[in-house]
Amino acid sequence: MISQVFILSSKGDHLIYKDFRGEAGKDAVNKFYEMVTALTGGQPPVVMKHKELHFVHIRQGGLYWVATTKADASPFTIIEFLNRLTALVKDYCGCLSEKSVQMNFALIYELLDEVVDFGYIQTTSTDILKNFIQTEAVSSKPFSLFDLSNVGLFGADTQQNKVAPSAAATRPIVSSQGEQGGKNEIFVDVIERMSVVIGANGVLMKADIEGEIRVKCYMPSCSEMRIGLNEEFSIGKSQLSGYGAAVRVDECSFHQAVRLDEFDTYRILKVCPSQGEQTVMQYQLCDDLPTAPPFRLFPSIERDSGGRYRTLFIHVPLSLRQSLFSYSAAINVSITIPVPKGSLRLSQELSSPDQSAELQPKNKAVHWEIPRFPGGAQLSALFKLEVSGLSAASLQEVGPVSLNFELPKYTSTGLQIRFLRLSPIQPGPSQRWVRYVTHSDSYTIRI
Amino acid sequence: MPYLGDEHTVRELRRALSNPNVQADHLRYRNTIHRVIRVMSQGQDVSGLYSEMVKACATVDIVQKKLVYVFLCSYASLNPELSLLVINTLRKDCSDHNPMVRSLALRNMCNLRLPGLSQYVQQPLTVGLKDKAACVRRVAVLGWAKIHSLQPNTEMGRYTHIIHSLQPNTEMDVAVVNELYGLLRDPDPVVMVNCLRALEEILQEEGGVAINKPIAHHLLNRLKLCDVWGQSEVLAVLQRYRPRGEDELFDILSLLDPALLSHHAPVMAATLRLFLSLCSTLPAVCMSALERARGPLLAAAGSTSRELRYAALCHIQLLLRSEPGLLGEHYKRFFCGYAEPPYIKQNKMQVLVELVNDDNVAMVLDELRGYCTDVNTETSQTAINAIGSIGRSYTDRCLAILTGLLGLKQEHITSAVLQTLRDLVWVCPQCGDAVCSALEGWEDNLQDSQGRGALLWLLGVYGDRVTGAPYLLEDCIDGVRSEVSAEVKTELLTATLRLFLSRPAETQDMMGRLLVYCIEEEVDMCVRDQALLYYRLLHCGIEEVRQVLQGGRRSDPSLGPLIGRPPEPISQWASIFNTLEPLTLGASTVGNSDPVTPKLSTLTPNTLTSNAEAMTPTPGDPHLPDCSSGALSLSVSPALTPEEFERLWLQLEKGACLEVCVACPVPRCSPEGLQVALQLVNIQTLAFTPPNTHPWRVYLYTHTSHISTKTPHTLILAELLHTGGEGEKEEEEEGEEEGEREEEGEKEGEGEKEGEKEEEEEGEGEKEGEEEGDKEGEEEGDGEREKEKGLLVVMRQHPGDQTALRGFLSVLTTVLHTLSTHTACTYTA
């Protein structure tokens, strides 16, 4: 059971404080902040103890979400509860930030009041909560250039209007009036996270994919939704289906509300989505990717011992696989290359002006950013580092290169959503969006 | 506006609240109240507005009502009188036609937390239990638990029996408890779970809600209807239920089986815990449950939420204690992501070390090698330590990596590598050559005192093989004046003396300088005393010095450490599974380099009682002690690694130490047999000489604690020594010698010296024993009878506790006796 719940900003400001059992004083908040800021980097900060009180906290949206407990509670329950609480706040307030929490504090108090009673979790389902929550969310809309770019000349529809704006899914689920309130929208996202390790010789050493299908529903009432997956979708190693582009995952689990009576034959999931965001299905695939990893990178390092400082040349040719990406592009690509400790200066040759690279001496790394990387393209960069005290051993420090990227409209398992049907047919105009994205959880290439 | 000060804000808000114009305007009134709450949650004291807020409570606007309640509940304890006014409004609301208003009023009535008000609350609560709206019943059920928690302790009630006002409360409790048991059959699942929670609290002193067969089956059948939170709570309560027979047990297990695969980590963890507690007597079922839950656990360990990942990793470490092979093929899941926070990386490395086997060692080491240059120094040190621990089984590969890392010439890496090498050499003396070649031509100047200590230790031990050792030491000795750390100074003294033994010509001069400085100028008593000790030791002659410094320090090469820990039984950790303890346990081991002392304090009563259960005599061993073990319980956790043991063993020479000669033969069973037998009584064996060698020795340890008294837990280290046929006579002679030498020692007035002497004698004893053994080997035949005699038990303890020591001894001797009689029986049969 939970004694208190509080939310702190990263600077230690009290945003929300609620005491459920009256067991611990309010000074616990300050005590917590003291402990969290006193931590040195390496210690695990998830659970901390002060006298009889356990602090369990998570960090989301730049905030500390803390629950305290006296009894020996299940850590999984408390952590999951805090995660769920952040999801609820996100659903109700639109986004998670210090500002949105500050503006919607009354709503959050109301939520906490309904979700937890006397330290016991009552319900976290939006279907039930929506009957009780009366306060309306105040949405803070950050000004964004992206919104402007969507507006066509003289109000004409631009090409981009066919794509869901990225901000569309960051609004409060309940809004009776307001600009977007009338829209009946439903978003189905297939999100995959890749973690890949490629050895120095270019051999794939590890490739894991963790994926999920996430539904975000803005419809006040939606009785049933049918999500059709690829028909050749198979689970487990045994069901190999000959040739062809079989979509295979190792393990797969579903939300308990999903009905699977048509899953075995037609690969159809039936859900009654409640308002807000929920994960309908999770799946994992280990080591056996259907396609080669998207990025290829063959860095080469040369040492030049002339001049006052020793110089290190790092040549990084990077290519994105052509076949699948000719119609798409990777965005927000950033590459981190660890460099020797004594690196002083960096000069670079990049292939286009929108890229940037900088040396971060604190992290001992060169950071190369590419905002947009078209499919099939080959970019390369030449970094020239001046290193003091360069020795043969310093080359060992030029360690695994890691990539961060986002591949929209792409799933590496090949999972696709064939159709999305709502029944009964919604009365008003309803919009259904299906989005695919692959993130890099950790994509490292050894040198 | 925090800088305007509390008072100003409060005054301004009060004016706004009592302004009739504001009160008339619905929205403005609500906004003002909004501001009050905002100021309150920022941490300012606005309790002065209590009376204004009480007035604001009487409204039809639910949003405003909710806001006011938040305020009132926070400050009620400061204004008990004014709160009486609120009660009226609340009671009126309790009969509102809107169920939401009713539940709201009922909930906040109890949340005021004023014991004085409970008489007003009871009546609406009783009505609330029978309300037709489920949301009101949910609140009412928990309301009783709140009222109960406000009552003064029932123990207090017993003493002040005269106070009549308490009487109706307890009577009321009986009625309420019956009512709540009835409500377990409520159609609403949340009401059912809330009933369980309320009963748990109200009946806390009687051990919580009684789970009999009908209730348990009812709960199990309704489990599917609850949401995930309810499910995990019901599963936790069900742990107290003991099924009647195997059939019922397996029915329950097959009902729960799908929940093991739940993708909700809380449900999965609660189910697994229930499985482990239900099947504590069926290890095979526990194993298959662990295997079933492996997938979901791995999924949780790769979840998007870092915190969940951490919790899962900590629990995976628990599982690995019993079942190291469980995750072997999934080792790649524990490779670190590059953006992961250090605490997850370190945890993953600890898991990786456990998962190493012949197939994956190359991959794992390759991966760990990459972490060694991490930006975070603690992460890189953990990686280096991890490579060191893998090095115990795969020495060559790890040594290559570690010595390669020295080439990086980075302060923190070098220091960590040196410490790791020192630990590794201690366990695996065969890698001395590689270490020596790494030290050859050393020229770094280390800042870190632990790293310097390790370097000095290595130089002292391998001084004869490292050409530059005297020069390195000379640098240190020249700079000893500016040395801060006392440990480094003592290490320097020992290293210099050791080097003097192997290369006297080069070292003599600087050793003289060092001793002079340490004796004349040093302020730290420990360093000074050690210098004095060495000085006097040198007076005794070079042979003495050699025996003291080189006799006992090197590991006995015939003692092969048991590679890896033996798997613990699941019951060792089942009681802390799915609690916060594994997470805090991880926290204490990561930060500390010496995990022995902090771990001692984390022993929970739970584990102790489970050990006490394990201590009860098993039918196979009828001779187990009855007198001392009743109050004493032994435990093998936290486990000691061989080098921790060795260090403690040497350290404790000066502390509590007891040598007893037990008239008991050497058990003739295999080392594994002895190990298993001792594990039954929770004594852990750490190292053996091979059977039939002389001297035959075994090292063991255990943790003791008294269940009844509050004596602290102690750690006992013991050595069983069988020096061969004439062992006993030998022992007596040695005893006399020891006495003489002790006198000498006293003349010199040095406490520490005795310790060193003892060790030296051990060395001697060993040597004699070996000779003896060789003789024995030749005349195997007639030595048979004499072998049956004399087993020397040397015990060292921390902290000292004589009774515990005696208890331990009696347990040990009984086991040994039992073993020898058993084997004797099998021989005769």
# chains A, B, ... in the order shown; residues from 1 in each chain; ligands from 1

call {"tool": "residues_around", "arguments": {"residues": "Leu225 of chain B", "least_positions_apart": "5", "cutoff": "10 Å", "atoms": "only C-alpha atoms", "output": "PDB file with all heavy atoms, in the first residue's frame"}}
result
ATOM      1  N   PRO B 187     -20.938  -8.433  -5.773  1.00  0.00           N
ATOM      2  CA  PRO B 187     -20.730  -8.601  -7.221  1.00  0.00           C
ATOM      3  C   PRO B 187     -19.603  -7.734  -7.783  1.00  0.00           C
ATOM      4  O   PRO B 187     -18.987  -8.090  -8.779  1.00  0.00           O
ATOM      5  CB  PRO B 187     -22.080  -8.196  -7.826  1.00  0.00           C
ATOM      6  CG  PRO B 187     -22.821  -7.517  -6.744  1.00  0.00           C
ATOM      7  CD  PRO B 187     -22.304  -8.037  -5.448  1.00  0.00           C
ATOM      8  N   ASP B 188     -19.335  -6.604  -7.168  1.00  0.00           N
ATOM      9  CA  ASP B 188     -18.298  -5.728  -7.707  1.00  0.00           C
ATOM     10  C   ASP B 188     -16.916  -6.215  -7.259  1.00  0.00           C
ATOM     11  O   ASP B 188     -16.660  -6.356  -6.063  1.00  0.00           O
ATOM     12  CB  ASP B 188     -18.529  -4.301  -7.210  1.00  0.00           C
ATOM     13  CG  ASP B 188     -17.545  -3.341  -7.835  1.00  0.00           C
ATOM     14  OD1 ASP B 188     -17.697  -3.064  -9.032  1.00  0.00           O
ATOM     15  OD2 ASP B 188     -16.616  -2.896  -7.130  1.00  0.00           O
ATOM     16  N   PRO B 189     -16.031  -6.495  -8.190  1.00  0.00           N
ATOM     17  CA  PRO B 189     -14.715  -7.045  -7.783  1.00  0.00           C
ATOM     18  C   PRO B 189     -13.898  -6.082  -6.930  1.00  0.00           C
ATOM     19  O   PRO B 189     -13.165  -6.526  -6.040  1.00  0.00           O
ATOM     20  CB  PRO B 189     -14.017  -7.333  -9.113  1.00  0.00           C
ATOM     21  CG  PRO B 189     -14.759  -6.604 -10.148  1.00  0.00           C
ATOM     22  CD  PRO B 189     -16.147  -6.417  -9.657  1.00  0.00           C
ATOM     23  N   VAL B 190     -14.032  -4.776  -7.181  1.00  0.00           N
ATOM     24  CA  VAL B 190     -13.237  -3.847  -6.374  1.00  0.00           C
ATOM     25  C   VAL B 190     -13.721  -3.857  -4.929  1.00  0.00           C
ATOM     26  O   VAL B 190     -12.919  -3.784  -3.992  1.00  0.00           O
ATOM     27  CB  VAL B 190     -13.291  -2.422  -6.967  1.00  0.00           C
ATOM     28  CG1 VAL B 190     -12.445  -1.487  -6.148  1.00  0.00           C
ATOM     29  CG2 VAL B 190     -12.829  -2.439  -8.402  1.00  0.00           C
ATOM     30  N   GLY B 230      -5.987  -5.452  -8.371  1.00  0.00           N
ATOM     31  CA  GLY B 230      -6.725  -6.349  -7.498  1.00  0.00           C
ATOM     32  C   GLY B 230      -6.141  -7.741  -7.538  1.00  0.00           C
ATOM     33  O   GLY B 230      -5.954  -8.382  -6.512  1.00  0.00           O
ATOM     34  N   GLN B 231      -5.816  -8.195  -8.738  1.00  0.00           N
ATOM     35  CA  GLN B 231      -5.280  -9.552  -8.867  1.00  0.00           C
ATOM     36  C   GLN B 231      -4.013  -9.731  -8.048  1.00  0.00           C
ATOM     37  O   GLN B 231      -3.872 -10.697  -7.309  1.00  0.00           O
ATOM     38  CB  GLN B 231      -4.957  -9.850 -10.328  1.00  0.00           C
ATOM     39  CG  GLN B 231      -6.167 -10.236 -11.130  1.00  0.00           C
ATOM     40  CD  GLN B 231      -5.799 -10.539 -12.576  1.00  0.00           C
ATOM     41  OE1 GLN B 231      -4.636 -10.703 -12.909  1.00  0.00           O
ATOM     42  NE2 GLN B 231      -6.805 -10.602 -13.420  1.00  0.00           N
TER      43      GLN B 231
END

call {"tool": "residues_around", "arguments": {"residues": "Leu805 of chain B", "least_positions_apart": "5", "cutoff": "8 Å", "atoms": "only C-alpha atoms", "output": "PyMOL selection string"}}
result
chain B and resi 716+795+797

call {"tool": "residues_around", "arguments": {"residues": "segment 234-239 of chain B", "least_positions_apart": "2", "cutoff": "9 Å", "atoms": "only C-alpha atoms", "output": "list in words"}}
result
Val193, Leu196, Glu200, Gly208, Val209, Ile211, Ala216, Leu219, Leu220, Leu223, Trp229, Gly230, Gln231, Ser232, Tyr241, Arg242, Val267, Ala270, Thr271, Arg273, Leu274, Phe275, Ser277 and Leu278 of chain B

call {"tool": "write_last_selection", "arguments": {"atoms": "N, CA, C and O atoms", "output": "short mmCIF file (atom, residue, chain, number, x, y, z; two decimals), in the first residue's frame"}}
result
data_model
loop_
_atom_site.label_atom_id
_atom_site.label_comp_id
_atom_site.auth_asym_id
_atom_site.auth_seq_id
_atom_site.Cartn_x
_atom_site.Cartn_y
_atom_site.Cartn_z
N VAL B 193 -12.10 -6.86 -3.31
CA VAL B 193 -10.69 -6.66 -2.98
C VAL B 193 -10.56 -5.68 -1.82
O VAL B 193 -9.75 -5.88 -0.91
N LEU B 196 -11.05 -7.40 1.41
CA LEU B 196 -9.84 -8.11 1.83
C LEU B 196 -8.85 -7.15 2.48
O LEU B 196 -8.29 -7.43 3.54
N GLU B 200 -7.71 -7.20 6.35
CA GLU B 200 -6.30 -7.35 6.67
C GLU B 200 -5.88 -6.33 7.71
O GLU B 200 -5.13 -6.64 8.63
N GLY B 208 -4.30 -11.16 10.23
CA GLY B 208 -4.94 -10.86 8.95
C GLY B 208 -6.18 -11.69 8.71
O GLY B 208 -6.60 -12.49 9.55
N VAL B 209 -6.76 -11.50 7.55
CA VAL B 209 -8.02 -12.15 7.23
C VAL B 209 -7.82 -13.66 7.16
O VAL B 209 -6.79 -14.15 6.73
N ILE B 211 -8.20 -17.14 5.77
CA ILE B 211 -8.47 -17.71 4.45
C ILE B 211 -8.79 -19.19 4.62
O ILE B 211 -7.89 -20.01 4.82
N ALA B 216 -10.96 -19.09 -0.12
CA ALA B 216 -9.87 -19.20 -1.09
C ALA B 216 -10.42 -19.55 -2.46
O ALA B 216 -10.04 -18.94 -3.46
N LEU B 219 -12.20 -16.61 -4.00
CA LEU B 219 -11.26 -15.60 -4.50
C LEU B 219 -10.63 -16.07 -5.81
O LEU B 219 -10.50 -15.31 -6.76
N LEU B 220 -10.26 -17.34 -5.85
CA LEU B 220 -9.61 -17.84 -7.06
C LEU B 220 -10.55 -17.77 -8.26
O LEU B 220 -10.15 -17.42 -9.37
N LEU B 223 -10.93 -14.26 -9.55
CA LEU B 223 -9.67 -13.57 -9.85
C LEU B 223 -9.70 -12.90 -11.21
O LEU B 223 -9.22 -11.77 -11.40
N TRP B 229 -4.40 -4.67 -10.50
CA TRP B 229 -4.01 -4.30 -9.14
C TRP B 229 -4.68 -5.23 -8.14
O TRP B 229 -4.05 -5.73 -7.21
N GLY B 230 -5.99 -5.45 -8.37
CA GLY B 230 -6.72 -6.35 -7.50
C GLY B 230 -6.14 -7.74 -7.54
O GLY B 230 -5.95 -8.38 -6.51
N GLN B 231 -5.82 -8.20 -8.74
CA GLN B 231 -5.28 -9.55 -8.87
C GLN B 231 -4.01 -9.73 -8.05
O GLN B 231 -3.87 -10.70 -7.31
N SER B 232 -3.10 -8.76 -8.17
CA SER B 232 -1.84 -8.98 -7.45
C SER B 232 -2.08 -8.95 -5.94
O SER B 232 -1.40 -9.65 -5.20
N TYR B 241 -2.94 -19.35 2.35
CA TYR B 241 -3.80 -20.52 2.27
C TYR B 241 -2.96 -21.76 2.03
O TYR B 241 -2.05 -21.76 1.21
N ARG B 242 -3.26 -22.80 2.79
CA ARG B 242 -2.56 -24.07 2.58
C ARG B 242 -3.57 -25.07 2.04
O ARG B 242 -4.49 -25.46 2.77
N VAL B 267 1.38 -8.76 -11.81
CA VAL B 267 0.61 -10.00 -11.71
C VAL B 267 1.53 -11.19 -11.84
O VAL B 267 1.46 -12.15 -11.07
N ALA B 270 3.52 -11.58 -8.62
CA ALA B 270 2.70 -12.06 -7.50
C ALA B 270 2.37 -13.52 -7.69
O ALA B 270 2.36 -14.31 -6.73
N THR B 271 2.08 -13.93 -8.93
CA THR B 271 1.75 -15.33 -9.18
C THR B 271 2.96 -16.22 -8.91
O THR B 271 2.84 -17.27 -8.27
N ARG B 273 5.38 -15.67 -6.96
CA ARG B 273 5.62 -15.76 -5.53
C ARG B 273 4.66 -16.75 -4.87
O ARG B 273 5.05 -17.56 -4.02
N LEU B 274 3.40 -16.70 -5.31
CA LEU B 274 2.41 -17.62 -4.76
C LEU B 274 2.80 -19.05 -5.11
O LEU B 274 2.72 -19.95 -4.26
N PHE B 275 3.25 -19.29 -6.33
CA PHE B 275 3.70 -20.62 -6.74
C PHE B 275 4.81 -21.10 -5.81
O PHE B 275 4.78 -22.21 -5.32
N SER B 277 5.55 -20.19 -2.85
CA SER B 277 5.19 -20.46 -1.45
C SER B 277 4.27 -21.68 -1.37
O SER B 277 4.35 -22.44 -0.42
N LEU B 278 3.42 -21.89 -2.37
CA LEU B 278 2.55 -23.07 -2.33
C LEU B 278 3.36 -24.35 -2.52
O LEU B 278 3.04 -25.38 -1.94
#

call {"tool": "residues_around", "arguments": {"residues": "Gln430 of chain B", "least_positions_apart": "5", "cutoff": "10 Å", "atoms": "only C-alpha atoms", "output": "list in words"}}
result
Thr395, Leu424, Val425, Val435 and Pro557 of chain B

call {"tool": "write_last_selection", "arguments": {"atoms": "C-alpha atoms", "output": "mmCIF file, in the first residue's frame"}}
result
data_model
loop_
_atom_site.group_PDB
_atom_site.id
_atom_site.type_symbol
_atom_site.label_atom_id
_atom_site.label_comp_id
_atom_site.auth_asym_id
_atom_site.auth_seq_id
_atom_site.Cartn_x
_atom_site.Cartn_y
_atom_site.Cartn_z
ATOM 1 C CA THR B 395 41.965 -16.966 -16.647
ATOM 2 C CA LEU B 424 42.632 -12.666 -9.126
ATOM 3 C CA VAL B 425 46.200 -13.601 -8.237
ATOM 4 C CA VAL B 435 50.898 -10.078 -13.805
ATOM 5 C CA PRO B 557 48.089 -24.597 -3.859
#

call {"tool": "residues_around", "arguments": {"residues": "Glu349 of chain A", "least_positions_apart": "3", "cutoff": "12 Å", "atoms": "only C-alpha atoms", "output": "list in words"}}
result
Phe313, Ile314, His315, Val316, Pro317, Leu346, Ser352, Pro353, Gln355, Ser356, Ala357, Glu358, Trp368, Leu379, Ser380, Ala381, Leu382, Phe383, Lys384 and Leu385 of chain A

call {"tool": "residues_around", "arguments": {"residues": "Ser254 of chain B", "least_positions_apart": "4", "cutoff": "12 Å", "atoms": "only C-alpha atoms", "output": "ChimeraX atom specification"}}
result
/B:220,247-250,258-260,271,275,285,289

call {"tool": "residues_around", "arguments": {"residues": "segment 399-406 of chain A", "least_positions_apart": "6", "cutoff": "6 Å", "atoms": "only C-alpha atoms", "output": "ChimeraX atom specification"}}
result
/A:330-338,438-440,443-447

call {"tool": "closest_residue", "arguments": {"among": "A:Val46, A:Ile227, A:Met219, A:Val188", "to": "chain B", "atoms": "only C-alpha atoms"}}
result
A:Val46

call {"tool": "closest_residue", "arguments": {"among": "B:Thr584, B:Gln547, B:Gln123, B:Thr490", "to": "chain A", "atoms": "only C-alpha atoms"}}
result
B:Thr584

call {"tool": "closest_residue", "arguments": {"among": "B:Leu290, B:Leu308, B:Ser449, B:Leu114", "to": "His264 of chain B", "atoms": "only C-alpha atoms"}}
result
B:Leu308

call {"tool": "closest_residue", "arguments": {"among": "B:Ala133, B:Leu365, B:Met40, B:Val681", "to": "chain A", "atoms": "only C-alpha atoms"}}
result
B:Met40

call {"tool": "atom_distance", "arguments": {"atom1": "atom CA of Met363 of chain B", "atom2": "atom CA of Gly211 of chain A"}}
result
25.2 Å

call {"tool": "select_by_dssp", "arguments": {"residues": "segment 211-379 of chain A", "states": "alpha helix (DSSP H)", "output": "JSON, numbers by chain"}}
result
{"A": [263, 264, 265, 266, 322, 323, 324, 325]}

call {"tool": "atom_distance", "arguments": {"atom1": "atom CA of Asn682 of chain B", "atom2": "atom CA of Ser635 of chain B"}}
result
5.2 Å

call {"tool": "atom_distance", "arguments": {"atom1": "atom CA of Asp423 of chain B", "atom2": "atom CA of Gly463 of chain B"}}
result
17.2 Å

call {"tool": "closest_residue", "arguments": {"among": "A:Gly12, A:Gly236, A:Pro361, A:Pro172", "to": "Trp65 of chain A", "atoms": "only C-alpha atoms"}}
result
A:Gly12

call {"tool": "closest_residue", "arguments": {"among": "B:Pro642, B:Arg481, B:Ile542, B:Glu568", "to": "Arg513 of chain B", "atoms": "only C-alpha atoms"}}
result
B:Arg481
